[in-house]
file my_file_17.pdb (PDB, C-alpha atoms)
ATOM      1  CA  MET A   6      34.145  77.698 -22.135
ATOM      2  CA  LYS A   7      36.341  75.127 -20.377
ATOM      3  CA  VAL A   8      35.018  73.441 -17.221
ATOM      4  CA  ILE A   9      36.505  71.757 -14.151
ATOM      5  CA  ASP A  10      34.107  69.369 -12.378
ATOM      6  CA  LEU A  11      35.215  68.318  -8.889
ATOM      7  CA  HIS A  12      32.910  65.333  -8.334
ATOM      8  CA  CYS A  13      31.467  62.367 -10.206
ATOM      9  CA  ASP A  14      30.820  58.711  -9.365
ATOM     10  CA  ALA A  15      31.707  57.078 -12.686
ATOM     11  CA  LEU A  16      34.209  54.746 -10.993
ATOM     12  CA  MET A  17      31.450  53.261  -8.860
ATOM     13  CA  LYS A  18      29.433  52.471 -12.002
ATOM     14  CA  LEU A  19      32.476  51.065 -13.808
ATOM     15  CA  ALA A  20      33.314  48.826 -10.850
ATOM     16  CA  TYR A  21      29.735  47.564 -10.507
ATOM     17  CA  ALA A  22      29.688  46.762 -14.244
ATOM     18  CA  LYS A  23      32.928  44.725 -13.929
ATOM     19  CA  GLY A  24      34.338  45.804 -17.270
ATOM     20  CA  LYS A  25      31.096  45.646 -19.258
ATOM     21  CA  LEU A  26      30.890  49.422 -19.800
ATOM     22  CA  SER A  27      33.064  51.359 -22.222
ATOM     23  CA  TYR A  28      34.174  54.579 -20.552
ATOM     24  CA  SER A  29      34.520  56.137 -23.991
ATOM     25  CA  ASN A  30      30.825  56.237 -24.825
ATOM     26  CA  ALA A  31      28.676  54.098 -22.505
ATOM     27  CA  GLU A  32      25.189  55.607 -22.404
ATOM     28  CA  GLU A  33      24.956  54.644 -18.720
ATOM     29  CA  LEU A  34      27.778  57.061 -17.817
ATOM     30  CA  ASP A  35      26.840  60.740 -17.424
ATOM     31  CA  THR A  36      30.544  61.589 -17.558
ATOM     32  CA  ASN A  37      31.812  59.325 -20.339
ATOM     33  CA  LYS A  38      34.675  60.681 -22.452
ATOM     34  CA  THR A  39      32.431  61.650 -25.362
ATOM     35  CA  ARG A  40      30.165  63.697 -23.100
ATOM     36  CA  LEU A  41      33.118  65.401 -21.420
ATOM     37  CA  GLN A  42      34.382  66.396 -24.859
ATOM     38  CA  GLN A  43      30.953  67.684 -25.913
ATOM     39  CA  GLY A  44      30.659  69.735 -22.704
ATOM     40  CA  ASP A  45      34.209  71.140 -23.020
ATOM     41  CA  VAL A  46      35.243  69.655 -19.663
ATOM     42  CA  MET A  47      38.990  70.157 -19.207
ATOM     43  CA  VAL A  48      39.292  68.291 -15.875
ATOM     44  CA  GLN A  49      37.005  65.713 -14.286
ATOM     45  CA  ALA A  50      37.506  64.523 -10.721
ATOM     46  CA  PHE A  51      36.629  60.851 -10.178
ATOM     47  CA  ALA A  52      35.564  59.891  -6.659
ATOM     48  CA  ILE A  53      36.442  56.592  -5.018
ATOM     49  CA  PHE A  54      33.242  55.860  -3.103
ATOM     50  CA  ILE A  55      32.809  52.696  -1.028
ATOM     51  CA  ASP A  56      29.260  51.518  -0.354
ATOM     52  CA  PRO A  57      28.669  51.406   3.437
ATOM     53  CA  ASP A  58      27.190  47.898   3.050
ATOM     54  CA  ILE A  59      30.541  46.457   1.919
ATOM     55  CA  LYS A  60      32.151  44.514   4.780
ATOM     56  CA  SER A  61      34.943  46.402   6.486
ATOM     57  CA  ASP A  62      37.654  43.876   5.583
ATOM     58  CA  GLN A  63      36.723  44.210   1.889
ATOM     59  CA  LYS A  64      36.581  47.998   1.633
ATOM     60  CA  PHE A  65      40.212  48.682   0.752
ATOM     61  CA  GLN A  66      40.060  46.087  -2.014
ATOM     62  CA  ALA A  67      36.895  47.791  -3.298
ATOM     63  CA  ALA A  68      38.818  51.080  -3.419
ATOM     64  CA  LEU A  69      41.674  49.423  -5.320
ATOM     65  CA  ASP A  70      39.146  47.934  -7.748
ATOM     66  CA  GLN A  71      37.902  51.431  -8.579
ATOM     67  CA  VAL A  72      41.478  52.646  -9.053
ATOM     68  CA  TYR A  73      41.998  49.687 -11.404
ATOM     69  CA  TYR A  74      39.073  50.765 -13.583
ATOM     70  CA  PHE A  75      40.286  54.364 -13.478
ATOM     71  CA  LYS A  76      43.786  53.377 -14.623
ATOM     72  CA  ASN A  77      42.710  50.773 -17.178
ATOM     73  CA  GLU A  78      39.336  51.911 -18.547
ATOM     74  CA  VAL A  79      39.378  55.705 -18.130
ATOM     75  CA  ILE A  80      43.069  56.438 -18.719
ATOM     76  CA  GLY A  81      44.382  53.272 -20.354
ATOM     77  CA  LYS A  82      41.895  53.048 -23.230
ATOM     78  CA  ASN A  83      41.477  56.781 -23.891
ATOM     79  CA  PRO A  84      44.703  58.570 -24.849
ATOM     80  CA  GLU A  85      42.955  61.958 -24.571
ATOM     81  CA  MET A  86      42.447  61.346 -20.834
ATOM     82  CA  LYS A  87      45.506  62.260 -18.762
ATOM     83  CA  GLN A  88      45.770  61.516 -15.069
ATOM     84  CA  ILE A  89      46.576  64.482 -12.865
ATOM     85  CA  THR A  90      48.894  63.243 -10.135
ATOM     86  CA  LYS A  91      50.237  66.607  -8.929
ATOM     87  CA  TRP A  92      48.884  70.132  -8.986
ATOM     88  CA  GLN A  93      51.369  71.310 -11.612
ATOM     89  CA  ASP A  94      49.723  68.923 -14.102
ATOM     90  CA  PHE A  95      46.799  71.363 -14.473
ATOM     91  CA  ASN A  96      49.091  73.719 -16.343
ATOM     92  CA  ARG A  97      50.472  70.984 -18.603
ATOM     93  CA  LEU A  98      47.233  69.851 -20.212
ATOM     94  CA  LYS A  99      47.139  70.315 -23.972
ATOM     95  CA  GLU A 100      44.137  71.669 -25.863
ATOM     96  CA  ASN A 101      42.705  68.269 -26.813
ATOM     97  CA  GLU A 102      43.424  66.569 -23.478
ATOM     98  CA  ILE A 103      41.116  66.045 -20.501
ATOM     99  CA  GLY A 104      42.618  65.853 -17.038
ATOM    100  CA  ALA A 105      41.390  63.072 -14.755
ATOM    101  CA  MET A 106      41.894  63.374 -11.020
ATOM    102  CA  LEU A 107      41.280  60.813  -8.260
ATOM    103  CA  THR A 108      39.487  61.813  -5.056
ATOM    104  CA  LEU A 109      38.415  59.831  -1.997
ATOM    105  CA  GLU A 110      34.825  60.189  -0.761
ATOM    106  CA  GLY A 111      35.101  59.004   2.828
ATOM    107  CA  VAL A 112      38.032  57.206   4.462
ATOM    108  CA  ASP A 113      36.096  54.030   5.295
ATOM    109  CA  ALA A 114      38.392  52.098   2.952
ATOM    110  CA  ILE A 115      41.504  52.663   5.067
ATOM    111  CA  GLY A 116      40.072  51.546   8.421
ATOM    112  CA  ASN A 117      42.632  52.831  10.909
ATOM    113  CA  ASP A 118      45.633  52.119   8.673
ATOM    114  CA  PHE A 119      47.586  55.182   7.530
ATOM    115  CA  GLN A 120      49.613  53.013   5.188
ATOM    116  CA  LYS A 121      46.491  52.526   3.086
ATOM    117  CA  LEU A 122      45.915  56.279   2.858
ATOM    118  CA  SER A 123      49.511  56.717   1.791
ATOM    119  CA  ILE A 124      49.062  54.051  -0.905
ATOM    120  CA  LEU A 125      45.965  55.816  -2.267
ATOM    121  CA  HIS A 126      47.880  59.099  -2.343
ATOM    122  CA  GLU A 127      50.718  57.388  -4.231
ATOM    123  CA  LEU A 128      48.115  56.128  -6.723
ATOM    124  CA  GLY A 129      47.063  59.725  -7.330
ATOM    125  CA  VAL A 130      44.395  60.744  -4.800
ATOM    126  CA  LEU A 131      44.570  64.547  -4.427
ATOM    127  CA  SER A 132      41.425  65.251  -2.380
ATOM    128  CA  VAL A 133      40.139  63.385   0.673
ATOM    129  CA  GLY A 134      36.680  63.632   2.199
ATOM    130  CA  LEU A 135      36.666  62.175   5.702
ATOM    131  CA  THR A 136      33.151  60.732   5.532
ATOM    132  CA  TRP A 137      30.211  59.975   3.345
ATOM    133  CA  ASN A 138      26.875  60.375   5.191
ATOM    134  CA  ASN A 139      27.613  57.705   7.799
ATOM    135  CA  ALA A 140      30.074  57.751  10.719
ATOM    136  CA  ASN A 141      33.492  56.144  10.540
ATOM    137  CA  LEU A 142      36.722  56.146  12.539
ATOM    138  CA  ALA A 143      37.556  59.711  11.449
ATOM    139  CA  ALA A 144      34.315  61.641  12.028
ATOM    140  CA  ASP A 145      30.525  61.647  11.776
ATOM    141  CA  GLY A 146      28.899  62.289   8.415
ATOM    142  CA  ALA A 147      25.904  64.471   7.656
ATOM    143  CA  GLY A 148      23.482  61.565   8.094
ATOM    144  CA  GLU A 149      24.768  60.422  11.508
ATOM    145  CA  GLU A 150      22.335  61.448  14.257
ATOM    146  CA  ARG A 151      25.068  61.720  16.887
ATOM    147  CA  GLY A 152      26.726  64.559  14.946
ATOM    148  CA  ALA A 153      30.138  64.280  16.611
ATOM    149  CA  GLY A 154      33.265  66.092  15.466
ATOM    150  CA  LEU A 155      36.642  64.760  14.347
ATOM    151  CA  THR A 156      38.270  61.922  16.235
ATOM    152  CA  SER A 157      41.990  62.003  16.980
ATOM    153  CA  PHE A 158      42.432  59.763  13.939
ATOM    154  CA  GLY A 159      40.434  62.213  11.832
ATOM    155  CA  LYS A 160      42.703  65.055  12.915
ATOM    156  CA  GLU A 161      45.738  62.961  11.955
ATOM    157  CA  ILE A 162      44.244  62.486   8.481
ATOM    158  CA  VAL A 163      43.786  66.243   8.050
ATOM    159  CA  SER A 164      47.391  66.710   9.180
ATOM    160  CA  PHE A 165      48.490  64.140   6.577
ATOM    161  CA  ASN A 166      46.499  66.049   3.951
ATOM    162  CA  ASN A 167      48.140  69.316   4.992
ATOM    163  CA  ASP A 168      51.638  67.823   4.825
ATOM    164  CA  HIS A 169      51.028  66.322   1.356
ATOM    165  CA  LYS A 170      49.100  69.302  -0.073
ATOM    166  CA  ILE A 171      45.935  67.199  -0.379
ATOM    167  CA  LEU A 172      42.553  68.934  -0.302
ATOM    168  CA  THR A 173      40.337  68.122   2.694
ATOM    169  CA  ASP A 174      36.750  67.840   1.480
ATOM    170  CA  VAL A 175      33.997  68.906   3.913
ATOM    171  CA  SER A 176      30.994  68.154   1.707
ATOM    172  CA  HIS A 177      29.617  65.132   3.607
ATOM    173  CA  LEU A 178      30.614  66.059   7.162
ATOM    174  CA  CYS A 179      28.197  66.752   9.995
ATOM    175  CA  GLU A 180      28.371  70.320  11.242
ATOM    176  CA  ASN A 181      30.547  69.682  14.304
ATOM    177  CA  ALA A 182      33.077  67.791  12.198
ATOM    178  CA  PHE A 183      33.008  70.626   9.651
ATOM    179  CA  TRP A 184      34.020  73.153  12.314
ATOM    180  CA  ASP A 185      36.799  70.881  13.537
ATOM    181  CA  VAL A 186      38.149  70.639   9.979
ATOM    182  CA  ILE A 187      38.007  74.409   9.517
ATOM    183  CA  GLU A 188      40.214  74.756  12.599
ATOM    184  CA  VAL A 189      43.003  72.514  11.278
ATOM    185  CA  ALA A 190      42.804  72.118   7.468
ATOM    186  CA  LYS A 191      45.148  74.142   5.269
ATOM    187  CA  TYR A 192      43.313  73.241   2.042
ATOM    188  CA  PRO A 193      39.569  72.901   2.724
ATOM    189  CA  ILE A 194      37.115  72.387  -0.108
ATOM    190  CA  ALA A 195      33.438  71.544  -0.442
ATOM    191  CA  SER A 196      33.531  69.485  -3.642
ATOM    192  CA  HIS A 197      29.751  69.214  -4.066
ATOM    193  CA  SER A 198      27.570  71.283  -1.711
ATOM    194  CA  ASN A 199      24.919  73.987  -2.039
ATOM    195  CA  ALA A 200      23.494  76.763   0.155
ATOM    196  CA  LYS A 201      21.222  75.718   3.019
ATOM    197  CA  GLU A 202      19.622  79.180   2.978
ATOM    198  CA  ILE A 203      18.269  78.418  -0.521
ATOM    199  CA  CYS A 204      17.499  74.718   0.007
ATOM    200  CA  ASN A 205      17.282  73.437   3.574
ATOM    201  CA  HIS A 206      18.989  70.062   3.165
ATOM    202  CA  VAL A 207      21.376  68.457   5.667
ATOM    203  CA  ARG A 208      24.010  68.145   2.921
ATOM    204  CA  ASN A 209      24.086  71.890   2.227
ATOM    205  CA  LEU A 210      26.194  74.569   3.911
ATOM    206  CA  SER A 211      24.817  77.198   6.271
ATOM    207  CA  ASP A 212      25.782  80.822   5.708
ATOM    208  CA  GLN A 213      28.171  80.576   8.667
ATOM    209  CA  GLN A 214      29.865  77.532   7.154
ATOM    210  CA  ALA A 215      30.134  79.115   3.703
ATOM    211  CA  LYS A 216      31.600  82.311   5.138
ATOM    212  CA  ALA A 217      34.108  80.280   7.138
ATOM    213  CA  MET A 218      35.156  78.471   3.957
ATOM    214  CA  PHE A 219      35.641  81.736   2.100
ATOM    215  CA  GLU A 220      37.584  83.293   4.994
ATOM    216  CA  LYS A 221      39.836  80.205   5.056
ATOM    217  CA  ASN A 222      40.485  80.623   1.305
ATOM    218  CA  GLY A 223      38.505  77.437   0.688
ATOM    219  CA  LEU A 224      36.408  76.623  -2.364
ATOM    220  CA  VAL A 225      32.712  75.713  -2.570
ATOM    221  CA  HIS A 226      31.639  73.763  -5.646
ATOM    222  CA  VAL A 227      27.890  73.684  -6.284
ATOM    223  CA  VAL A 228      26.211  70.313  -6.813
ATOM    224  CA  TYR A 229      23.478  69.362  -9.296
ATOM    225  CA  CYS A 230      21.606  66.792  -7.179
ATOM    226  CA  PRO A 231      18.017  68.146  -7.445
ATOM    227  CA  PRO A 232      17.041  67.607  -3.763
ATOM    228  CA  PHE A 233      20.084  69.721  -2.807
ATOM    229  CA  VAL A 234      19.066  72.421  -5.319
ATOM    230  CA  LYS A 235      15.354  72.807  -4.563
ATOM    231  CA  GLU A 236      13.342  71.276  -1.774
ATOM    232  CA  ASP A 237      10.691  69.750  -4.043
ATOM    233  CA  GLY A 238      13.411  68.133  -6.171
ATOM    234  CA  ASN A 239      12.220  69.739  -9.432
ATOM    235  CA  ALA A 240      15.255  71.832 -10.272
ATOM    236  CA  THR A 241      16.048  74.095 -13.218
ATOM    237  CA  LEU A 242      19.222  75.928 -14.188
ATOM    238  CA  SER A 243      17.742  79.066 -12.625
ATOM    239  CA  ASP A 244      17.272  77.210  -9.348
ATOM    240  CA  LEU A 245      20.912  76.081  -9.401
ATOM    241  CA  ILE A 246      22.128  79.607 -10.147
ATOM    242  CA  LYS A 247      20.312  80.867  -7.034
ATOM    243  CA  HIS A 248      22.904  78.971  -4.998
ATOM    244  CA  ILE A 249      25.749  80.629  -6.901
ATOM    245  CA  ASP A 250      24.054  84.014  -6.394
ATOM    246  CA  HIS A 251      23.793  83.354  -2.679
ATOM    247  CA  PHE A 252      27.409  82.271  -2.278
ATOM    248  CA  CYS A 253      28.459  85.377  -4.212
ATOM    249  CA  SER A 254      26.446  87.521  -1.791
ATOM    250  CA  LEU A 255      28.505  86.003   1.043
ATOM    251  CA  GLY A 256      31.767  87.055  -0.609
ATOM    252  CA  GLY A 257      32.592  83.887  -2.535
ATOM    253  CA  VAL A 258      32.582  85.088  -6.142
ATOM    254  CA  LYS A 259      36.233  84.030  -6.593
ATOM    255  CA  GLN A 260      35.836  80.762  -4.660
ATOM    256  CA  ILE A 261      32.863  79.097  -6.370
ATOM    257  CA  GLY A 262      33.147  76.118  -8.699
ATOM    258  CA  PHE A 263      31.248  73.112 -10.041
ATOM    259  CA  GLY A 264      30.892  69.620  -8.529
ATOM    260  CA  SER A 265      28.177  67.882 -10.506
ATOM    261  CA  ASP A 266      27.745  64.542  -8.674
ATOM    262  CA  PHE A 267      26.992  63.051 -12.115
ATOM    263  CA  ASP A 268      26.797  59.256 -12.080
ATOM    264  CA  GLY A 269      25.904  59.428  -8.405
ATOM    265  CA  ILE A 270      22.456  60.980  -8.840
ATOM    266  CA  SER A 271      19.324  59.409 -10.297
ATOM    267  CA  THR A 272      17.422  62.633 -11.042
ATOM    268  CA  LYS A 273      18.844  65.649 -12.857
ATOM    269  CA  VAL A 274      18.564  69.410 -13.165
ATOM    270  CA  GLU A 275      16.578  70.227 -16.296
ATOM    271  CA  LYS A 276      18.895  70.859 -19.294
ATOM    272  CA  LEU A 277      21.873  69.651 -17.243
ATOM    273  CA  GLU A 278      21.360  65.900 -17.418
ATOM    274  CA  ASN A 279      24.976  64.943 -18.176
ATOM    275  CA  SER A 280      28.392  66.432 -18.894
ATOM    276  CA  ALA A 281      27.606  67.066 -22.553
ATOM    277  CA  MET A 282      25.158  69.788 -21.428
ATOM    278  CA  TYR A 283      27.656  71.881 -19.465
ATOM    279  CA  GLN A 284      27.523  74.785 -21.896
ATOM    280  CA  ASN A 285      23.791  75.190 -21.118
ATOM    281  CA  LEU A 286      24.841  76.160 -17.594
ATOM    282  CA  ILE A 287      27.653  78.378 -18.870
ATOM    283  CA  ASN A 288      25.329  80.221 -21.271
ATOM    284  CA  GLU A 289      22.726  80.727 -18.557
ATOM    285  CA  LEU A 290      25.346  82.125 -16.180
ATOM    286  CA  LEU A 291      26.561  84.560 -18.853
ATOM    287  CA  LYS A 292      23.130  86.211 -18.754
ATOM    288  CA  TYR A 293      23.796  87.359 -15.183
ATOM    289  CA  TYR A 294      27.563  87.460 -14.700
ATOM    290  CA  SER A 295      30.547  88.836 -16.589
ATOM    291  CA  GLU A 296      32.585  86.487 -18.746
ATOM    292  CA  GLU A 297      35.455  86.793 -16.259
ATOM    293  CA  GLN A 298      33.221  85.781 -13.347
ATOM    294  CA  VAL A 299      31.740  82.822 -15.236
ATOM    295  CA  ARG A 300      35.219  81.721 -16.275
ATOM    296  CA  GLY A 301      36.058  81.786 -12.573
ATOM    297  CA  PHE A 302      33.137  79.543 -11.676
ATOM    298  CA  ALA A 303      33.857  77.211 -14.580
ATOM    299  CA  TYR A 304      37.566  76.606 -13.949
ATOM    300  CA  GLN A 305      39.739  79.601 -13.065
ATOM    301  CA  ASN A 306      38.790  79.901  -9.383
ATOM    302  CA  PHE A 307      39.954  76.343  -8.788
ATOM    303  CA  ILE A 308      43.219  76.860 -10.636
ATOM    304  CA  ASP A 309      43.822  80.091  -8.721
ATOM    305  CA  HIS A 310      43.493  78.205  -5.406
ATOM    306  CA  LEU A 311      45.633  75.146  -6.113
ATOM    307  CA  PRO A 312      47.912  74.250  -3.189
ATOM    308  CA  GLU A 313      51.329  75.784  -3.818
TER     309      GLU A 313
END
call {"tool": "encode", "arguments": {"input": "my_file_17.pdb", "output": "structure tokens"}}
result
Amino acid sequence: MKVIDLHCDALMKLAYAKGKLSYSNAEELDTNKTRLQQGDVMVQAFAIFIDPDIKSDQKFQAALDQVYYFKNEVIGKNPEMKQITKWQDFNRLKENEIGAMLTLEGVDAIGNDFQKLSILHELGVLSVGLTWNNANLAADGAGEERGAGLTSFGKEIVSFNNDHKILTDVSHLCENAFWDVIEVAKYPIASHSNAKEICNHVRNLSDQQAKAMFEKNGLVHVVYCPPFVKEDGNATLSDLIKHIDHFCSLGGVKQIGFGSDFDGISTKVEKLENSAMYQNLINELLKYYSEEQVRGFAYQNFIDHLPE
């Protein structure tokens, strides 16, 4: 069964390696092309993530570096990989092609300069998360003790996203910022978040947050980072499916998807250690859900909710 995965950090690894990794088959990459093919992944989202330790005046260049590796290593050297630059491209992928989509994990790279956000959109960014775990000029992230909501600048970014049919990703926001986004975002998504009721982690969504996402026609894509799956960090496929079960119980059966966080996590869910193992998850889900429901989780729910 085909799969859409809304989050990986392969670009970070490619940028750190400075051209020494082959995207086609590098063992170091959970989401290399060969593994995507083996796992029947039809679309992989590639996050631009800027390490908080990078100096502020160097962050935009760091983002451009990751775009360079995306364009030259992921797309340029692998004809099967096709960049998705607009939502209609999802319907144009051929059987042997894999769509590749740019996302932005935190707006630290743009400082307070909207021109830089516009440039990243022109380069193909289709989903924007306002923060990683830290605070920035847009909002506070999940790891910021202050826990403040959106700034005026943050609200302007969401408005920009709305106007350009860009997804606004809530996955790393603190709770107050989440509620501010829900008020104003036309296209909210949680690209890689689980259920706090099942695993009480600051990065997971409460029942109230999940219900608000579903009521807003937003999508919640479950993440495979073991500490977000099970509190002791020893996670199995069954443990991951508990989060899908819970979101379904809240009314989200047609709004659940996958957001692995591969290449950004050091420990893995058992039997789901990289993209090649995706069908293990699919087969496990088919034990409990209809083929139509599993197809929804795997790719159809996302396609059904693309911005018009």
call {"tool": "closest_residue", "arguments": {"input": "my_file_17.pdb", "among": "A:Val186, A:Ala303, A:Leu98, A:Val228", "to": "Leu290 of chain A", "atoms": "all atoms listed in the file"}}
result
A:Ala303
call {"tool": "closest_atom_pairs", "arguments": {"input": "my_file_17.pdb", "of": "segment 158-261 of chain A", "to": "segment 265-281 of chain A", "cutoff": "7 Å", "atoms": "only C-alpha atoms", "output": "JSON lines"}}
result
{"residue": "A:His197", "atom": "CA", "partner": "A:Ser265", "partner_atom": "CA", "distance": 6.8}
{"residue": "A:Val228", "atom": "CA", "partner": "A:Ser265", "partner_atom": "CA", "distance": 4.8}
{"residue": "A:Tyr229", "atom": "CA", "partner": "A:Ser265", "partner_atom": "CA", "distance": 5.1}
{"residue": "A:Cys230", "atom": "CA", "partner": "A:Ile270", "partner_atom": "CA", "distance": 6.1}
{"residue": "A:Pro231", "atom": "CA", "partner": "A:Val274", "partner_atom": "CA", "distance": 5.9}
{"residue": "A:Ala240", "atom": "CA", "partner": "A:Val274", "partner_atom": "CA", "distance": 5.0}
{"residue": "A:Thr241", "atom": "CA", "partner": "A:Glu275", "partner_atom": "CA", "distance": 5.0}
{"residue": "A:Leu242", "atom": "CA", "partner": "A:Glu275", "partner_atom": "CA", "distance": 6.6}
call {"tool": "atom_distance", "arguments": {"input": "my_file_17.pdb", "atom1": "atom CA of Lys64 of chain A", "atom2": "atom CA of His206 of chain A"}}
result
28.3 Å
call {"tool": "closest_residue", "arguments": {"input": "my_file_17.pdb", "among": "A:Glu150, A:Asp145, A:Glu296, A:Glu220", "to": "His177 of chain A", "atoms": "all atoms listed in the file"}}
result
A:Asp145
call {"tool": "resolve_selection", "arguments": {"input": "my_file_17.pdb", "expression": "the PyMOL selection byres ((chain A and resi 125-142) around 9)", "output": "PyMOL selection string"}}
result
chain A and resi 53-55+57+68-69+72+88-92+106-113+116-117+120-124+143-149+151-153+155-156+158-159+162-163+166+169-179+194-196+208
call {"tool": "atom_distance", "arguments": {"input": "my_file_17.pdb", "atom1": "atom CA of Ser27 of chain A", "atom2": "atom CA of Asp94 of chain A"}}
result
25.5 Å
call {"tool": "residues_near_point", "arguments": {"input": "my_file_17.pdb", "point": "(26.3, 76.6, -21.6)", "cutoff": "12 Å", "atoms": "only C-alpha atoms", "output": "list of chain:residue names"}}
result
A:Met6, A:Lys7, A:Val8, A:Gln43, A:Gly44, A:Asp45, A:Val46, A:Leu242, A:Lys276, A:Leu277, A:Ser280, A:Ala281, A:Met282, A:Tyr283, A:Gln284, A:Asn285, A:Leu286, A:Ile287, A:Asn288, A:Glu289, A:Leu290, A:Leu291, A:Lys292, A:Val299, A:Arg300, A:Ala303
call {"tool": "resolve_selection", "arguments": {"input": "my_file_17.pdb", "expression": "the PyMOL selection byres ((chain A and resi 263) around 7)", "output": "PyMOL selection string"}}
result
chain A and resi 9-11+226-228+262+264-265+302-303
call {"tool": "closest_residue", "arguments": {"input": "my_file_17.pdb", "among": "A:Gly256, A:Glu78, A:Asp56, A:Lys221", "to": "Ala31 of chain A", "atoms": "all atoms listed in the file"}}
result
A:Glu78
call {"tool": "closest_residue", "arguments": {"input": "my_file_17.pdb", "among": "A:Glu85, A:Glu202, A:Asp70, A:Asp62", "to": "Asp250 of chain A", "atoms": "all atoms listed in the file"}}
result
A:Glu202
call {"tool": "build_atoms", "arguments": {"input": "my_file_17.pdb", "residues": "segment 293-312 of chain A", "atoms": "N, CA and C atoms", "output": "compact mmCIF listing (two decimals), in the coordinates of the input"}}
result
# COMPACT_ATOMS: atom_id res chain seq x y z
N TYR A 293 23.85 86.65 -16.46
CA TYR A 293 23.80 87.36 -15.18
C TYR A 293 25.17 87.81 -14.69
N TYR A 294 26.22 87.17 -15.19
CA TYR A 294 27.56 87.46 -14.70
C TYR A 294 28.48 87.81 -15.86
N SER A 295 29.57 88.50 -15.55
CA SER A 295 30.55 88.84 -16.59
C SER A 295 31.26 87.57 -17.05
N GLU A 296 31.85 87.65 -18.23
CA GLU A 296 32.58 86.49 -18.75
C GLU A 296 33.72 86.10 -17.79
N GLU A 297 34.38 87.08 -17.19
CA GLU A 297 35.46 86.79 -16.26
C GLU A 297 34.94 86.04 -15.03
N GLN A 298 33.79 86.46 -14.51
CA GLN A 298 33.22 85.78 -13.35
C GLN A 298 32.82 84.35 -13.68
N VAL A 299 32.18 84.16 -14.84
CA VAL A 299 31.74 82.82 -15.24
C VAL A 299 32.95 81.92 -15.48
N ARG A 300 33.99 82.48 -16.08
CA ARG A 300 35.22 81.72 -16.27
C ARG A 300 35.77 81.27 -14.91
N GLY A 301 35.64 82.15 -13.93
CA GLY A 301 36.06 81.79 -12.57
C GLY A 301 35.29 80.59 -12.05
N PHE A 302 33.96 80.65 -12.15
CA PHE A 302 33.14 79.54 -11.68
C PHE A 302 33.49 78.26 -12.42
N ALA A 303 33.69 78.38 -13.72
CA ALA A 303 33.86 77.21 -14.58
C ALA A 303 35.18 76.51 -14.34
N TYR A 304 36.27 77.26 -14.15
CA TYR A 304 37.57 76.61 -13.95
C TYR A 304 38.62 77.47 -13.27
N GLN A 305 38.61 78.79 -13.49
CA GLN A 305 39.74 79.60 -13.06
C GLN A 305 39.86 79.72 -11.55
N ASN A 306 38.72 79.79 -10.84
CA ASN A 306 38.79 79.90 -9.38
C ASN A 306 39.54 78.71 -8.78
N PHE A 307 39.27 77.53 -9.32
CA PHE A 307 39.95 76.34 -8.79
C PHE A 307 41.45 76.42 -9.07
N ILE A 308 41.81 76.77 -10.29
CA ILE A 308 43.22 76.86 -10.64
C ILE A 308 43.93 77.92 -9.79
N ASP A 309 43.23 79.01 -9.52
CA ASP A 309 43.82 80.09 -8.72
C ASP A 309 44.04 79.69 -7.25
N HIS A 310 43.38 78.63 -6.82
CA HIS A 310 43.49 78.20 -5.41
C HIS A 310 44.18 76.86 -5.25
N LEU A 311 44.91 76.40 -6.25
CA LEU A 311 45.63 75.15 -6.11
C LEU A 311 46.68 75.26 -5.00
N PRO A 312 46.85 74.21 -4.22
CA PRO A 312 47.91 74.25 -3.19
C PRO A 312 49.27 74.51 -3.83
